[in-house]
>>> print(open('start-v7.pdb').read())   # PDB, C-alpha atoms
ATOM      1  CA  MET G   1      -7.307   5.955  18.967
ATOM      2  CA  SER G   2      -5.415   7.018  15.863
ATOM      3  CA  ARG G   3      -6.179   5.840  12.370
ATOM      4  CA  ARG G   4      -3.570   3.967  10.411
ATOM      5  CA  ARG G   5      -1.826   6.071   7.810
ATOM      6  CA  TYR G   6      -1.900   3.435   5.046
ATOM      7  CA  VAL G   7      -4.552   0.818   4.396
ATOM      8  CA  ALA G   8      -5.127  -1.634   1.551
ATOM      9  CA  ARG G   9      -8.571  -1.161   0.028
ATOM     10  CA  GLY G  10     -10.390  -3.205  -2.525
ATOM     11  CA  VAL G  11     -11.077  -1.434  -5.807
ATOM     12  CA  PRO G  12     -12.444  -2.739  -9.114
ATOM     13  CA  GLY G  13      -9.738  -5.035 -10.465
ATOM     14  CA  GLY G  14      -7.810  -5.577  -7.221
ATOM     15  CA  TYR G  15      -6.387  -3.542  -4.360
ATOM     16  CA  ARG G  16      -4.852  -0.102  -3.915
ATOM     17  CA  ILE G  17      -3.154   1.575  -0.993
ATOM     18  CA  TRP G  18      -4.982   4.510   0.565
ATOM     19  CA  ASP G  19      -3.011   7.195   2.418
ATOM     20  CA  ASN G  20      -5.273   8.504   5.190
ATOM     21  CA  ARG G  21      -3.042  11.460   6.018
ATOM     22  CA  GLY G  22      -2.669  12.592   2.385
ATOM     23  CA  ARG G  23      -6.223  11.535   1.521
ATOM     24  CA  ARG G  24      -5.179  10.002  -1.803
ATOM     25  CA  TRP G  25      -4.312   6.717  -3.457
ATOM     26  CA  TRP G  26      -0.667   5.736  -3.153
ATOM     27  CA  GLY G  27       0.954   3.379  -5.646
ATOM     28  CA  ASP G  28      -0.377   1.006  -8.273
ATOM     29  CA  VAL G  29      -3.406  -1.245  -8.503
ATOM     30  CA  TYR G  30      -2.574  -4.839  -7.551
ATOM     31  CA  GLU G  31      -4.658  -7.763  -8.751
ATOM     32  CA  LEU G  32      -3.659  -9.628  -5.630
ATOM     33  CA  CYS G  33      -2.430  -7.829  -2.544
ATOM     34  CA  PRO G  34       0.977  -9.340  -1.658
ATOM     35  CA  ASP G  35       1.034 -10.857   1.833
ATOM     36  CA  ASP G  36       4.190  -9.085   3.033
ATOM     37  CA  LEU G  37       2.865  -5.707   1.865
ATOM     38  CA  LEU G  38      -0.470  -6.310   3.575
ATOM     39  CA  THR G  39       1.328  -7.407   6.761
ATOM     40  CA  GLU G  40       3.420  -4.225   6.751
ATOM     41  CA  LEU G  41       0.337  -2.045   6.176
ATOM     42  CA  ASN G  42      -1.565  -3.729   9.011
ATOM     43  CA  GLY G  43       1.465  -3.801  11.318
ATOM     44  CA  PRO G  44       4.168  -1.191  11.862
ATOM     45  CA  ALA G  45       3.478   0.567   8.511
ATOM     46  CA  ASP G  46       7.050   1.777   8.040
ATOM     47  CA  GLN G  47       6.926   4.071   5.000
ATOM     48  CA  THR G  48      10.449   3.106   3.892
ATOM     49  CA  ARG G  49       9.605  -0.613   3.965
ATOM     50  CA  ILE G  50       6.272  -0.053   2.185
ATOM     51  CA  THR G  51       8.011   1.936  -0.557
ATOM     52  CA  ALA G  52      10.636  -0.799  -1.021
ATOM     53  CA  LEU G  53       7.951  -3.498  -1.256
ATOM     54  CA  MET G  54       5.952  -1.467  -3.770
ATOM     55  CA  LYS G  55       9.039  -0.921  -5.951
ATOM     56  CA  ARG G  56       9.745  -4.653  -5.892
ATOM     57  CA  TYR G  57       6.214  -5.591  -6.929
ATOM     58  CA  ARG G  58       6.088  -2.842  -9.558
ATOM     59  CA  ALA G  59       9.308  -4.221 -11.110
ATOM     60  CA  GLN G  60       7.847  -7.751 -11.165
ATOM     61  CA  LYS G  61       4.816  -6.515 -13.132
ATOM     62  CA  ARG G  62       7.052  -5.302 -16.003
TER      63      ARG G  62
END
>>> encode(input="start-v7.pdb", output="structure tokens")
Amino acid sequence: MSRRRYVARGVPGGYRIWDNRGRRWWGDVYELCPDDLLTELNGPADQTRITALMKRYRAQKR
């Protein structure tokens, strides 16, 4: 059984995305983990789609 590459993990203040392969945090801290991002992380975990979702949510924070 292989481990998922990306997972959403709770951290103080919200959630972050953990990259199991790179063994590092990936992206920003989110107060609330967006449903479509969480669905993508727990489903097919397409890196291109995850990156696009993160860019969209990062732009909304500004």
>>> residues_around(input="start-v7.pdb", residues="Asn42 in chain G", least_positions_apart="2", cutoff="10 Å", atoms="all atoms listed in the file", output="PDB file with C-alpha atoms, in the frame of the given file")
ATOM      1  CA  ARG G   4      -3.570   3.967  10.411  1.00  0.00           C
ATOM      2  CA  ARG G   5      -1.826   6.071   7.810  1.00  0.00           C
ATOM      3  CA  TYR G   6      -1.900   3.435   5.046  1.00  0.00           C
ATOM      4  CA  VAL G   7      -4.552   0.818   4.396  1.00  0.00           C
ATOM      5  CA  ALA G   8      -5.127  -1.634   1.551  1.00  0.00           C
ATOM      6  CA  ASP G  36       4.190  -9.085   3.033  1.00  0.00           C
ATOM      7  CA  LEU G  37       2.865  -5.707   1.865  1.00  0.00           C
ATOM      8  CA  LEU G  38      -0.470  -6.310   3.575  1.00  0.00           C
ATOM      9  CA  THR G  39       1.328  -7.407   6.761  1.00  0.00           C
ATOM     10  CA  GLU G  40       3.420  -4.225   6.751  1.00  0.00           C
ATOM     11  CA  PRO G  44       4.168  -1.191  11.862  1.00  0.00           C
ATOM     12  CA  ALA G  45       3.478   0.567   8.511  1.00  0.00           C
TER      13      ALA G  45
END
>>> atom_distance(input="start-v7.pdb", atom1="CA of Glu31 in chain G", atom2="CA of Arg16 in chain G")
9.1 Å
>>> resolve_selection(input="start-v7.pdb", expression="the PyMOL selection byres ((chain G and resi 25) around 12)", output="PyMOL selection string")
chain G and resi 5-11+15-24+26-29
>>> atom_distance(input="start-v7.pdb", atom1="CA of Arg58 in chain G", atom2="CA of Leu32 in chain G")
12.5 Å
>>> decode(input="start-v7.pdb", residues="range 11-33 of chain G", atoms="N, CA, C and O atoms", output="mmCIF file, in the first residue's frame")
data_model
loop_
_atom_site.group_PDB
_atom_site.id
_atom_site.type_symbol
_atom_site.label_atom_id
_atom_site.label_comp_id
_atom_site.auth_asym_id
_atom_site.auth_seq_id
_atom_site.Cartn_x
_atom_site.Cartn_y
_atom_site.Cartn_z
ATOM 1 N N VAL G 11 -2.669 22.260 11.731
ATOM 2 C CA VAL G 11 -1.563 22.943 12.397
ATOM 3 C C VAL G 11 -2.175 24.077 13.223
ATOM 4 O O VAL G 11 -3.323 24.443 13.000
ATOM 5 N N PRO G 12 -1.438 24.635 14.158
ATOM 6 C CA PRO G 12 -1.987 25.770 14.916
ATOM 7 C C PRO G 12 -2.440 26.880 13.964
ATOM 8 O O PRO G 12 -1.668 27.323 13.107
ATOM 9 N N GLY G 13 -3.692 27.243 14.044
ATOM 10 C CA GLY G 13 -4.228 28.304 13.189
ATOM 11 C C GLY G 13 -4.928 27.815 11.939
ATOM 12 O O GLY G 13 -5.432 28.614 11.160
ATOM 13 N N GLY G 14 -4.951 26.512 11.670
ATOM 14 C CA GLY G 14 -5.646 26.025 10.481
ATOM 15 C C GLY G 14 -5.085 24.725 9.937
ATOM 16 O O GLY G 14 -4.793 23.804 10.685
ATOM 17 N N TYR G 15 -4.916 24.701 8.618
ATOM 18 C CA TYR G 15 -4.424 23.513 7.923
ATOM 19 C C TYR G 15 -3.287 23.885 6.996
ATOM 20 O O TYR G 15 -3.225 24.987 6.483
ATOM 21 N N ARG G 16 -2.389 22.922 6.776
ATOM 22 C CA ARG G 16 -1.341 23.050 5.761
ATOM 23 C C ARG G 16 -1.299 21.758 4.978
ATOM 24 O O ARG G 16 -1.794 20.728 5.420
ATOM 25 N N ILE G 17 -0.646 21.814 3.830
ATOM 26 C CA ILE G 17 -0.510 20.631 2.987
ATOM 27 C C ILE G 17 0.888 20.068 3.183
ATOM 28 O O ILE G 17 1.882 20.787 3.069
ATOM 29 N N TRP G 18 0.949 18.784 3.503
ATOM 30 C CA TRP G 18 2.212 18.094 3.719
ATOM 31 C C TRP G 18 2.523 17.255 2.497
ATOM 32 O O TRP G 18 1.688 16.502 1.998
ATOM 33 N N ASP G 19 3.741 17.374 1.984
ATOM 34 C CA ASP G 19 4.217 16.594 0.846
ATOM 35 C C ASP G 19 5.030 15.429 1.404
ATOM 36 O O ASP G 19 6.135 15.627 1.910
ATOM 37 N N ASN G 20 4.466 14.218 1.348
ATOM 38 C CA ASN G 20 5.152 13.051 1.890
ATOM 39 C C ASN G 20 6.435 12.718 1.136
ATOM 40 O O ASN G 20 7.418 12.300 1.733
ATOM 41 N N ARG G 21 6.425 12.878 -0.169
ATOM 42 C CA ARG G 21 7.608 12.544 -0.959
ATOM 43 C C ARG G 21 8.736 13.533 -0.678
ATOM 44 O O ARG G 21 9.887 13.147 -0.502
ATOM 45 N N GLY G 22 8.417 14.837 -0.638
ATOM 46 C CA GLY G 22 9.432 15.856 -0.386
ATOM 47 C C GLY G 22 9.708 16.082 1.082
ATOM 48 O O GLY G 22 10.656 16.774 1.444
ATOM 49 N N ARG G 23 8.857 15.505 1.938
ATOM 50 C CA ARG G 23 8.971 15.644 3.387
ATOM 51 C C ARG G 23 9.073 17.099 3.822
ATOM 52 O O ARG G 23 9.988 17.510 4.538
ATOM 53 N N ARG G 24 8.100 17.913 3.326
ATOM 54 C CA ARG G 24 8.067 19.329 3.692
ATOM 55 C C ARG G 24 6.651 19.856 3.532
ATOM 56 O O ARG G 24 5.808 19.236 2.900
ATOM 57 N N TRP G 25 6.406 21.023 4.119
ATOM 58 C CA TRP G 25 5.129 21.691 3.949
ATOM 59 C C TRP G 25 5.083 22.286 2.552
ATOM 60 O O TRP G 25 6.094 22.732 2.025
ATOM 61 N N TRP G 26 3.887 22.306 1.974
ATOM 62 C CA TRP G 26 3.717 22.787 0.611
ATOM 63 C C TRP G 26 2.571 23.781 0.618
ATOM 64 O O TRP G 26 1.432 23.426 0.934
ATOM 65 N N GLY G 27 2.833 25.034 0.321
ATOM 66 C CA GLY G 27 1.775 26.028 0.261
ATOM 67 C C GLY G 27 1.593 26.805 1.548
ATOM 68 O O GLY G 27 2.437 26.778 2.443
ATOM 69 N N ASP G 28 0.469 27.511 1.613
ATOM 70 C CA ASP G 28 0.166 28.409 2.719
ATOM 71 C C ASP G 28 -0.607 27.717 3.824
ATOM 72 O O ASP G 28 -1.088 26.610 3.657
ATOM 73 N N VAL G 29 -0.774 28.430 4.926
ATOM 74 C CA VAL G 29 -1.644 27.979 6.011
ATOM 75 C C VAL G 29 -3.044 28.476 5.692
ATOM 76 O O VAL G 29 -3.236 29.638 5.327
ATOM 77 N N TYR G 30 -4.028 27.601 5.785
ATOM 78 C CA TYR G 30 -5.427 27.961 5.553
ATOM 79 C C TYR G 30 -6.172 27.877 6.870
ATOM 80 O O TYR G 30 -6.028 26.898 7.601
ATOM 81 N N GLU G 31 -6.974 28.908 7.168
ATOM 82 C CA GLU G 31 -7.790 28.856 8.373
ATOM 83 C C GLU G 31 -8.819 27.744 8.253
ATOM 84 O O GLU G 31 -9.050 26.994 9.185
ATOM 85 N N LEU G 32 -9.434 27.670 7.104
ATOM 86 C CA LEU G 32 -10.366 26.598 6.799
ATOM 87 C C LEU G 32 -9.855 25.896 5.557
ATOM 88 O O LEU G 32 -9.471 26.555 4.596
ATOM 89 N N CYS G 33 -9.868 24.590 5.561
ATOM 90 C CA CYS G 33 -9.400 23.850 4.393
ATOM 91 C C CYS G 33 -10.537 23.805 3.378
ATOM 92 O O CYS G 33 -11.599 23.249 3.664
#
